[in-house]
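File shown here: start.txt, holding compact mmCIF, C-alpha atoms.
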# COMPACT_ATOMS: atom_id res chain seq x y z
CA ARG A 1252 -7.08 74.03 20.41
CA PHE A 1253 -9.18 71.75 18.29
CA VAL A 1254 -11.75 69.23 19.48
CA SER A 1255 -13.99 66.80 17.65
CA THR A 1256 -17.65 66.78 18.58
CA GLU A 1257 -21.08 65.26 18.05
CA LEU A 1258 -23.53 67.50 16.21
CA HIS A 1259 -27.32 67.58 16.17
CA LEU A 1260 -28.53 69.05 12.89
CA GLY A 1261 -31.96 69.76 11.47
CA LEU A 1262 -32.66 68.66 7.89
CA TYR A 1263 -35.94 68.91 6.01
CA ASN A 1264 -36.91 65.74 4.15
CA TRP A 1265 -39.07 66.78 1.19
CA ALA A 1266 -40.07 63.20 0.38
CA LEU A 1267 -41.62 62.78 3.83
CA GLY A 1268 -42.64 66.40 4.27
CA GLU A 1269 -41.11 66.63 7.72
CA TRP A 1270 -38.00 67.58 9.62
CA GLU A 1271 -35.32 65.11 10.58
CA LYS A 1272 -33.08 65.58 13.59
CA ILE A 1273 -29.68 64.28 12.56
CA LEU A 1274 -27.17 62.90 15.02
CA LEU A 1275 -23.85 63.26 13.24
CA TYR A 1276 -20.91 61.76 15.08
CA ALA A 1277 -17.32 62.79 14.57
CA GLY A 1278 -15.78 60.43 12.06
CA ASN A 1279 -16.65 59.58 8.49
CA SER A 1280 -20.38 60.17 8.21
CA SER A 1281 -22.94 61.27 5.69
CA ILE A 1282 -26.37 62.88 5.69
CA SER A 1283 -28.75 62.38 2.82
CA SER A 1284 -32.17 63.52 1.71
CA PRO A 1285 -33.81 63.75 -1.74
CA LEU A 1286 -32.51 67.31 -2.12
CA ALA A 1287 -29.40 67.36 0.02
CA PHE A 1288 -26.24 65.34 0.39
CA ILE A 1289 -23.38 66.33 2.67
CA ALA A 1290 -20.18 64.32 2.94
CA LEU A 1291 -17.99 65.16 5.91
CA GLY A 1292 -14.77 63.93 7.36
CA LYS A 1293 -13.90 64.72 10.97
CA ILE A 1294 -15.35 67.98 12.19
CA TYR A 1295 -13.05 70.16 14.24
CA LEU A 1296 -13.95 73.24 16.24
CA ASN A 1297 -11.40 75.91 17.00
CA ILE A 1298 -11.78 76.55 20.73
CA THR A 1299 -10.13 79.55 22.32
CA PRO A 1300 -8.73 79.21 25.87
CA GLY A 1301 -11.53 79.23 28.44
CA GLN A 1302 -14.24 78.50 25.86
CA SER A 1303 -16.28 75.30 26.23
CA ALA A 1304 -16.90 72.98 23.29
CA GLY A 1305 -20.61 73.72 23.59
CA ASN A 1306 -20.18 77.43 22.86
CA PHE A 1307 -19.47 77.87 19.20
CA SER A 1308 -21.07 79.27 16.07
CA PHE A 1309 -21.09 78.38 12.40
CA SER A 1310 -19.86 80.75 9.71
CA THR A 1311 -21.76 80.92 6.44
CA LYS A 1312 -18.38 81.45 4.77
CA ALA A 1313 -17.05 78.11 6.00
CA THR A 1314 -15.67 75.74 3.40
CA ALA A 1315 -15.49 71.96 3.41
CA VAL A 1316 -13.03 69.70 1.70
CA THR A 1317 -14.44 66.33 0.70
CA LYS A 1318 -12.70 63.40 -0.87
CA ASN A 1319 -14.54 61.87 -3.81
CA THR A 1320 -14.28 58.10 -3.41
CA TYR A 1321 -16.87 57.30 -6.08
CA ASN A 1322 -14.26 56.29 -8.65
CA ASN A 1323 -12.19 54.29 -6.19
CA TYR A 1324 -14.26 51.18 -6.81
CA LYS A 1325 -11.14 49.03 -7.15
CA LYS A 1326 -10.41 49.59 -3.46
CA LEU A 1327 -13.84 48.39 -2.32
CA PRO A 1328 -14.01 45.08 -0.41
CA LYS A 1329 -14.73 42.18 -2.75
CA ILE A 1330 -17.54 39.73 -2.11
CA SER A 1331 -18.17 36.33 -3.60
CA GLU A 1332 -20.14 36.33 -6.85
CA HIS A 1333 -21.55 33.00 -5.74
CA VAL A 1334 -24.89 33.53 -4.01
CA PRO A 1335 -25.33 31.23 -1.00
CA ALA A 1336 -28.37 28.97 -1.21
CA PRO A 1337 -31.30 30.56 0.65
CA ALA A 1338 -31.84 29.12 4.09
CA LYS A 1339 -35.12 27.81 5.45
CA ILE A 1340 -36.51 28.61 8.88
CA ASN A 1341 -36.82 24.91 9.67
CA ASN A 1342 -33.10 24.40 8.98
CA LEU A 1343 -32.03 26.84 11.70
CA THR A 1344 -31.03 25.41 15.06
CA ASN A 1345 -33.12 26.46 18.06
CA ASN A 1346 -30.34 28.83 19.12
CA GLU A 1347 -30.15 30.42 15.65
CA PHE A 1348 -33.92 30.62 15.34
CA GLY A 1349 -34.13 32.11 18.83
CA TYR A 1350 -31.83 35.00 17.92
CA PHE A 1351 -33.69 35.57 14.65
CA LEU A 1352 -37.06 35.53 16.43
CA ALA A 1353 -35.80 37.88 19.16
CA GLY A 1354 -34.62 40.39 16.54
CA LEU A 1355 -37.87 40.03 14.61
CA ILE A 1356 -40.00 40.67 17.71
CA GLU A 1357 -37.87 43.64 18.78
CA GLY A 1358 -38.16 45.01 15.26
CA ASP A 1359 -41.93 44.76 14.79
CA GLY A 1360 -43.64 42.72 17.49
CA TRP A 1361 -45.13 43.18 20.94
CA PHE A 1362 -46.22 41.16 23.95
CA GLY A 1363 -49.62 41.77 25.49
CA HIS A 1364 -51.41 39.85 28.23
CA LYS A 1365 -50.74 36.23 27.26
CA GLU A 1366 -50.37 37.08 23.57
CA LEU A 1367 -47.68 37.91 21.04
CA HIS A 1368 -48.19 39.92 17.83
CA ILE A 1369 -45.63 40.18 15.01
CA ILE A 1370 -46.17 42.30 11.89
CA PHE A 1371 -44.85 41.21 8.48
CA ALA A 1372 -44.77 43.02 5.15
CA GLU A 1373 -47.21 41.45 2.69
CA ASN A 1374 -44.42 40.03 0.52
CA ASP A 1375 -43.04 38.25 3.61
CA ILE A 1376 -46.27 36.34 4.23
CA SER A 1377 -44.56 33.01 3.50
CA LEU A 1378 -42.20 33.69 6.40
CA ALA A 1379 -45.12 34.41 8.72
CA TYR A 1380 -46.57 30.99 7.94
CA SER A 1381 -43.15 29.31 8.24
CA ILE A 1382 -42.76 30.75 11.76
CA LYS A 1383 -46.32 29.72 12.65
CA ASN A 1384 -45.56 26.18 11.49
CA ARG A 1385 -42.26 25.98 13.35
CA ILE A 1386 -43.82 27.23 16.60
CA GLY A 1387 -46.77 24.92 16.01
CA HIS A 1388 -49.29 27.48 17.28
CA GLY A 1389 -50.85 30.80 16.33
CA ASN A 1390 -52.56 32.28 13.29
CA VAL A 1391 -51.77 34.70 10.47
CA TYR A 1392 -54.20 37.48 9.55
CA LYS A 1393 -54.31 40.09 6.79
CA ILE A 1394 -54.23 43.64 8.18
CA LYS A 1395 -57.02 45.73 6.70
CA ASP A 1396 -55.92 48.65 4.50
CA LYS A 1397 -52.24 47.77 4.91
CA LYS A 1398 -49.80 45.80 2.80
CA ALA A 1399 -49.01 43.70 5.84
CA VAL A 1400 -50.05 40.61 7.79
CA ARG A 1401 -50.07 39.85 11.51
CA TYR A 1402 -48.99 36.68 13.28
CA ILE A 1403 -50.76 36.26 16.63
CA CYS A 1404 -50.03 33.59 19.21
CA LYS A 1405 -52.27 33.30 22.29
CA ASN A 1406 -51.75 29.62 22.95
CA LYS A 1407 -49.93 29.00 26.24
CA ASN A 1408 -47.81 26.17 24.83
CA GLY A 1409 -46.89 28.32 21.84
CA LEU A 1410 -45.95 31.27 24.04
CA SER A 1411 -43.89 28.95 26.24
CA ILE A 1412 -41.96 27.75 23.17
CA ILE A 1413 -41.38 31.34 22.03
CA LEU A 1414 -40.16 32.43 25.47
CA SER A 1415 -37.74 29.51 25.70
CA LEU A 1416 -36.33 30.46 22.29
CA ILE A 1417 -35.83 34.21 22.85
CA ASN A 1418 -35.06 34.37 26.58
CA GLY A 1419 -31.63 35.94 27.07
CA LYS A 1420 -31.46 37.05 23.44
CA LEU A 1421 -33.33 40.38 23.63
CA VAL A 1422 -31.17 43.47 23.07
CA SER A 1423 -33.17 46.42 24.46
CA LYS A 1424 -35.71 47.11 27.19
CA PRO A 1425 -39.16 47.66 25.57
CA LYS A 1426 -40.06 43.99 24.88
CA TYR A 1427 -38.40 42.88 28.11
CA GLU A 1428 -40.50 45.42 30.02
CA GLN A 1429 -43.64 44.12 28.29
CA LEU A 1430 -42.83 40.62 29.54
CA ILE A 1431 -42.29 41.93 33.08
CA LYS A 1432 -45.43 44.10 32.99
CA HIS A 1433 -47.64 41.19 31.95
CA ASN A 1434 -46.08 38.84 34.51
CA TYR A 1435 -44.75 36.27 32.03
CA SER A 1436 -42.17 35.16 34.58
CA ASP A 1437 -44.80 33.83 37.01
CA ASN A 1438 -47.27 32.72 34.36
CA PHE A 1439 -44.67 30.54 32.65
CA ASN A 1440 -42.48 29.72 35.66
CA LEU A 1441 -39.48 31.26 33.95
CA THR A 1442 -36.86 33.83 34.93
CA ILE A 1443 -36.90 36.49 32.21
CA ASN A 1444 -33.29 37.46 31.52
CA ALA A 1445 -32.45 41.15 31.18
CA PRO A 1446 -31.60 42.51 27.70
CA SER A 1447 -27.95 42.38 26.65
CA ASN A 1448 -27.77 45.98 25.38
CA ILE A 1449 -25.31 44.72 22.75
CA ILE A 1450 -25.62 43.95 19.04
CA THR A 1451 -23.04 41.68 17.43
CA LEU A 1452 -22.58 40.43 13.89
CA ASN A 1453 -22.07 36.87 15.13
CA ASN A 1454 -25.67 35.67 15.38
CA HIS A 1455 -29.08 35.94 13.67
CA TRP A 1456 -30.45 38.81 15.79
CA LEU A 1457 -29.73 41.53 13.21
CA SER A 1458 -31.18 39.41 10.41
CA GLY A 1459 -34.44 39.13 12.35
CA PHE A 1460 -34.40 42.84 13.18
CA THR A 1461 -33.79 43.71 9.52
CA GLN A 1462 -36.49 41.27 8.43
CA ALA A 1463 -38.94 43.24 10.55
CA ASP A 1464 -38.45 46.69 9.08
CA GLY A 1465 -35.15 46.98 7.23
CA CYS A 1466 -34.90 48.26 3.66
CA PHE A 1467 -32.36 47.64 0.90
CA TYR A 1468 -32.63 50.51 -1.56
CA ILE A 1469 -30.83 51.10 -4.87
CA SER A 1470 -30.72 54.77 -5.82
CA LEU A 1471 -29.82 56.30 -9.18
CA ALA A 1472 -29.78 60.08 -9.13
CA LYS A 1473 -28.80 62.61 -11.76
CA SER A 1474 -25.43 64.13 -10.97
CA LYS A 1475 -23.43 66.96 -12.51
CA THR A 1476 -20.24 65.72 -10.86
CA HIS A 1477 -20.17 62.29 -12.50
CA LYS A 1478 -19.11 61.83 -16.12
CA ASN A 1479 -22.00 59.53 -16.99
CA GLY A 1480 -24.49 61.93 -15.39
CA PHE A 1481 -25.67 59.55 -12.66
CA SER A 1482 -24.72 58.68 -9.11
CA VAL A 1483 -25.43 55.14 -7.87
CA ARG A 1484 -25.98 54.59 -4.16
CA LEU A 1485 -26.80 51.53 -2.07
CA GLU A 1486 -28.85 52.54 0.93
CA PHE A 1487 -29.62 50.36 3.93
CA SER A 1488 -32.09 51.71 6.47
CA ILE A 1489 -34.18 50.64 9.44
CA LYS A 1490 -36.95 52.70 11.04
CA GLN A 1491 -38.06 52.21 14.62
CA ASN A 1492 -40.03 53.86 17.40
CA ASP A 1493 -37.31 52.83 19.87
CA ASN A 1494 -33.93 54.41 19.19
CA ILE A 1495 -31.85 52.16 21.46
CA PRO A 1496 -31.42 49.22 19.02
CA LEU A 1497 -30.56 51.70 16.26
CA LYS A 1498 -27.92 53.39 18.43
CA LEU A 1499 -26.49 49.97 19.25
CA LEU A 1500 -26.46 49.13 15.53
CA PHE A 1501 -24.64 52.39 14.78
CA GLU A 1502 -22.08 51.60 17.48
CA THR A 1503 -21.55 48.13 15.99
CA VAL A 1504 -21.29 49.12 12.34
CA LYS A 1505 -19.60 52.49 13.05
CA LEU A 1506 -20.85 53.82 9.71
CA GLY A 1507 -23.96 55.72 8.60
CA ASN A 1508 -26.13 58.13 10.57
CA LEU A 1509 -29.05 58.17 12.98
CA SER A 1510 -31.93 60.61 12.60
CA GLN A 1511 -35.37 61.30 14.04
CA TYR A 1512 -38.37 62.47 12.03
CA SER A 1513 -40.84 65.00 13.40
CA SER A 1514 -43.30 62.10 13.77
CA GLY A 1515 -40.98 60.65 16.42
CA ILE A 1516 -39.82 57.70 14.30
CA TRP A 1517 -36.07 57.04 14.40
CA CYS A 1518 -34.07 55.91 11.38
CA TYR A 1519 -30.64 54.36 10.97
CA LYS A 1520 -29.40 54.92 7.43
CA SER A 1521 -26.21 54.29 5.52
CA SER A 1522 -25.49 54.72 1.83
CA GLY A 1523 -21.78 53.92 1.95
CA PHE A 1524 -20.33 51.10 -0.13
CA LYS A 1525 -18.23 49.91 2.83
CA THR A 1526 -21.40 49.48 4.88
CA ALA A 1527 -22.94 47.59 1.97
CA ALA A 1528 -19.99 45.18 1.85
CA LEU A 1529 -20.11 44.63 5.61
CA LEU A 1530 -23.84 43.90 5.56
CA ILE A 1531 -23.66 41.66 2.50
CA ASN A 1532 -21.06 39.47 4.18
CA TYR A 1533 -23.23 39.35 7.30
CA PHE A 1534 -26.48 38.46 5.49
CA ASP A 1535 -24.69 35.86 3.35
CA THR A 1536 -24.08 34.01 6.62
CA PHE A 1537 -27.15 35.00 8.64
CA ASN A 1538 -29.97 34.87 6.13
CA ILE A 1539 -33.13 36.89 5.78
CA PHE A 1540 -36.15 35.40 4.06
CA ALA A 1541 -39.02 35.76 1.59
CA GLY A 1542 -39.50 39.14 -0.15
CA LYS A 1543 -36.79 40.80 1.93
CA TYR A 1544 -34.31 38.21 0.68
CA THR A 1545 -35.20 39.08 -2.93
CA ASN A 1546 -34.50 42.77 -2.28
CA PHE A 1547 -31.21 41.86 -0.62
CA LEU A 1548 -30.12 39.86 -3.68
CA LYS A 1549 -30.70 42.93 -5.90
CA PHE A 1550 -28.68 45.05 -3.49
CA ARG A 1551 -25.93 42.42 -3.52
CA LYS A 1552 -25.87 42.13 -7.31
CA VAL A 1553 -25.54 45.89 -7.80
CA TYR A 1554 -22.68 46.03 -5.29
CA ILE A 1555 -20.78 43.45 -7.35
CA LEU A 1556 -21.36 45.54 -10.49
CA ILE A 1557 -20.00 48.59 -8.67
CA THR A 1558 -16.83 46.74 -7.61
CA GLN A 1559 -16.37 45.92 -11.30
CA GLY A 1560 -16.75 49.58 -12.30
CA LYS A 1561 -19.93 48.89 -14.28
CA HIS A 1562 -21.67 51.85 -12.62
CA LEU A 1563 -19.35 54.11 -14.62
CA GLU A 1564 -20.47 52.66 -17.97
CA GLU A 1565 -23.70 53.31 -19.87
CA LYS A 1566 -24.44 49.60 -20.30
CA GLY A 1567 -23.76 49.02 -16.63
CA LEU A 1568 -26.14 51.81 -15.61
CA ILE A 1569 -28.87 50.32 -17.80
CA LYS A 1570 -28.37 46.97 -16.08
CA ILE A 1571 -28.42 48.56 -12.62
CA LYS A 1572 -31.63 50.43 -13.47
CA SER A 1573 -33.18 47.17 -14.62
CA ILE A 1574 -32.22 45.38 -11.40
CA ALA A 1575 -33.46 48.26 -9.24
CA THR A 1576 -36.89 48.57 -10.89
CA LYS A 1577 -37.87 44.91 -11.27
CA GLY A 1578 -40.46 44.23 -8.58
CA SER A 1579 -38.79 46.66 -6.19
CA SER A 1580 -40.82 47.65 -3.15
CA GLU A 1581 -40.18 49.30 0.17
CA THR A 1582 -42.84 48.91 2.84
CA SER A 1583 -42.68 50.03 6.44
CA THR A 1584 -44.82 48.06 8.87
CA GLN A 1585 -44.00 50.03 12.02
CA GLU A 1586 -46.93 50.54 14.35
CA ALA A 1587 -47.12 53.23 16.99
Could you show the structure in this file as structure tokens?
Amino acid sequence: RFVSTELHLGLYNWALGEWEKILLYAGNSSISSPLAFIALGKIYLNITPGQSAGNFSFSTKATAVTKNTYNNYKKLPKISEHVPAPAKINNLTNNEFGYFLAGLIEGDGWFGHKELHIIFAENDISLAYSIKNRIGHGNVYKIKDKKAVRYICKNKNGLSIILSLINGKLVSKPKYEQLIKHNYSDNFNLTINAPSNIITLNNHWLSGFTQADGCFYISLAKSKTHKNGFSVRLEFSIKQNDNIPLKLLFETVKLGNLSQYSSGIWCYKSSGFKTAALLINYFDTFNIFAGKYTNFLKFRKVYILITQGKHLEEKGLIKIKSIATKGSSETSTQEA
């Protein structure tokens, strides 16, 4: 009999100089590293009667059949070439801003004793000040020896405003447990609602979470299997210490893969064009801001070129290279 299964694989990432533990779920998934790329369809194990699914071995003579969808650009979901006007934090309703702020805090913030800290990449400093101004309290500081800034709010009125905005909108336990640990419920006379343990694509939570530590990456790699000698990939990734939001994201998107580095950091990553289309449609509606928005627009523009088949032409590749290299930056602000 044949059964599908979930696999845990080890893959060495030469760029990071460490091992990744890959959680590969049955279904259409991919694993990528600078020196390895594996495309798999469903994985089936031949189980003999009386043998459990956990008892199996791999054969070095095994073969895999993969379907090359690189040239099937005409079948990719189309997106509007019209770029929606960038939103402003002050134009969001309190409900919208609350979801964005909850995602942002869960992505790269923490609650201490009567204080909130949120970390921003240096090119998102304008957003840090916009949030400070909307809350009406707090300060923004440059972090020494890091391309990042920190928003800190210790003012009781400011914290009260923040709690009223995010209460009931948290997704996972860590920030909720910080609020419970530091007795925010009694200090602010407020019942702290438990996390939802659900991510949807119908509110601003994921945009805030992505704003915190998400990356939009355009990759051009030499390839012997493509006529023009290059493979173009659109990679979306988020790194976190807490794997729960990333697992929930995987369950929502149902594409990509989840891995853990030897440092303990978890990473959700997808380089599929279908994921790119899904996320572009989401972020067109639920905006991100500042430098992250600029990187998203590049990602979006290259996707449109791919749907037009420009990635298969020399002129198109030159244009994609130009888009990818102009002011491109990828900065992780995760703190232990």
**Request:** Please provide as a list in words all residues within 7 Å of Tyr1392 (chain A), with the sequence filter that same-chain residues fewer than 4 positions apart are discarded (counting all atoms listed in the file).
**Result:**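 These residues fall inside the cut-off: Val1400, Arg1401 and Tyr1402 of chain A.
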**Pick from A:Thr1576, A:Ser1522, A:Ser1331, A:Asn1408, whichever lies nearest to Asn1438 (chain A) using all atoms listed in the file** =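 Of A:Thr1576, A:Ser1522, A:Ser1331, A:Asn1408, the one nearest Asn1438 (chain A), counting all atoms listed in the file, is A:Asn1408.
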**Message:** Report as a ChimeraX atom specification all protein, DNA and RNA residues lying within 7 Å of region 1323-1327 of chain A, evaluated on only C-alpha atoms, omitting residues in the same chain fewer than 3 positions from it.
**Reply:** /A:1320,1525,1557-1558,1560
**Request:** Excluding Asn1546 (chain A) and residues on its chain fewer than 4 positions from it, collect all residues at most 12 Å away from it, counting all atoms listed in the file, and give them as a PyMOL selection string.
**Result:** chain A and resi 1374-1375+1461-1462+1465-1469+1485-1487+1531+1534+1539-1542+1550-1553+1574-1582
**Prompt:** Which residues come within 9 Å of Asn1345 (chain A), counting only C-alpha atoms, excluding same-chain residues fewer than 4 positions away, as a ChimeraX atom specification?
**Reply:** /A:1349-1350,1416
**Asked** By how many Å are CA of Asp1535 (chain A) and CA of Glu1565 (chain A) apart?
**Response**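 Separating CA of Asp1535 (chain A) from CA of Glu1565 (chain A) is a distance of 29.1 Å.
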**Shortest interatomic distance to Ile1431 (chain A) - which of A:Glu1373, A:His1364, A:Leu1452, A:Ile1495, counting only C-alpha atoms** =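 Nearest candidate to Ile1431 (chain A) out of A:Glu1373, A:His1364, A:Leu1452, A:Ile1495: A:His1364.
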**Prompt:** Quick one: residues within 9 Å of His1388 (chain A), all atoms listed in the file counted, chain neighbours fewer than 5 positions away excluded, as a PyMOL selection string?
**Reply:** chain A and resi 1383+1403-1406+1408-1410
**Request:** Quick one: pull the distance between CA of Lys1398 (chain A) and CA of Phe1371 (chain A), Å, one decimal.
**Result:**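 Distance reported for this atom pair: 8.8 Å.
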**Prompt:** To one decimal place, how far is CA of Leu1457 (chain A) from CA of Gly1387 (chain A) in Å?
**Reply:** 24.0 Å
**Prompt:** Out of A:Lys1490, A:Ser1423, A:Asn1532, A:Lys1570, which residue has the shortest atom-to-atom distance to Ser1514 (chain A) when counting all atoms listed in the file?
**Reply:**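 Going through A:Lys1490, A:Ser1423, A:Asn1532, A:Lys1570 one by one, the smallest distance to Ser1514 (chain A) is for A:Lys1490.
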**Prompt:** Taking only C-alpha atoms into account, which of A:Asn1494, A:Asn1440, A:Thr1545, A:Asn1448 comes nearest Leu1414 (chain A)?
**Reply:**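 Ranked by minimum distance to Leu1414 (chain A), first place goes to A:Asn1440.
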**Prompt:** A:Ser1482, A:Ala1463, A:Leu1355, A:Asp1493: which is nearest Gly1515 (chain A), counting only C-alpha atoms?
**Reply:**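 That would be A:Asp1493, the residue with the smallest distance to Gly1515 (chain A).
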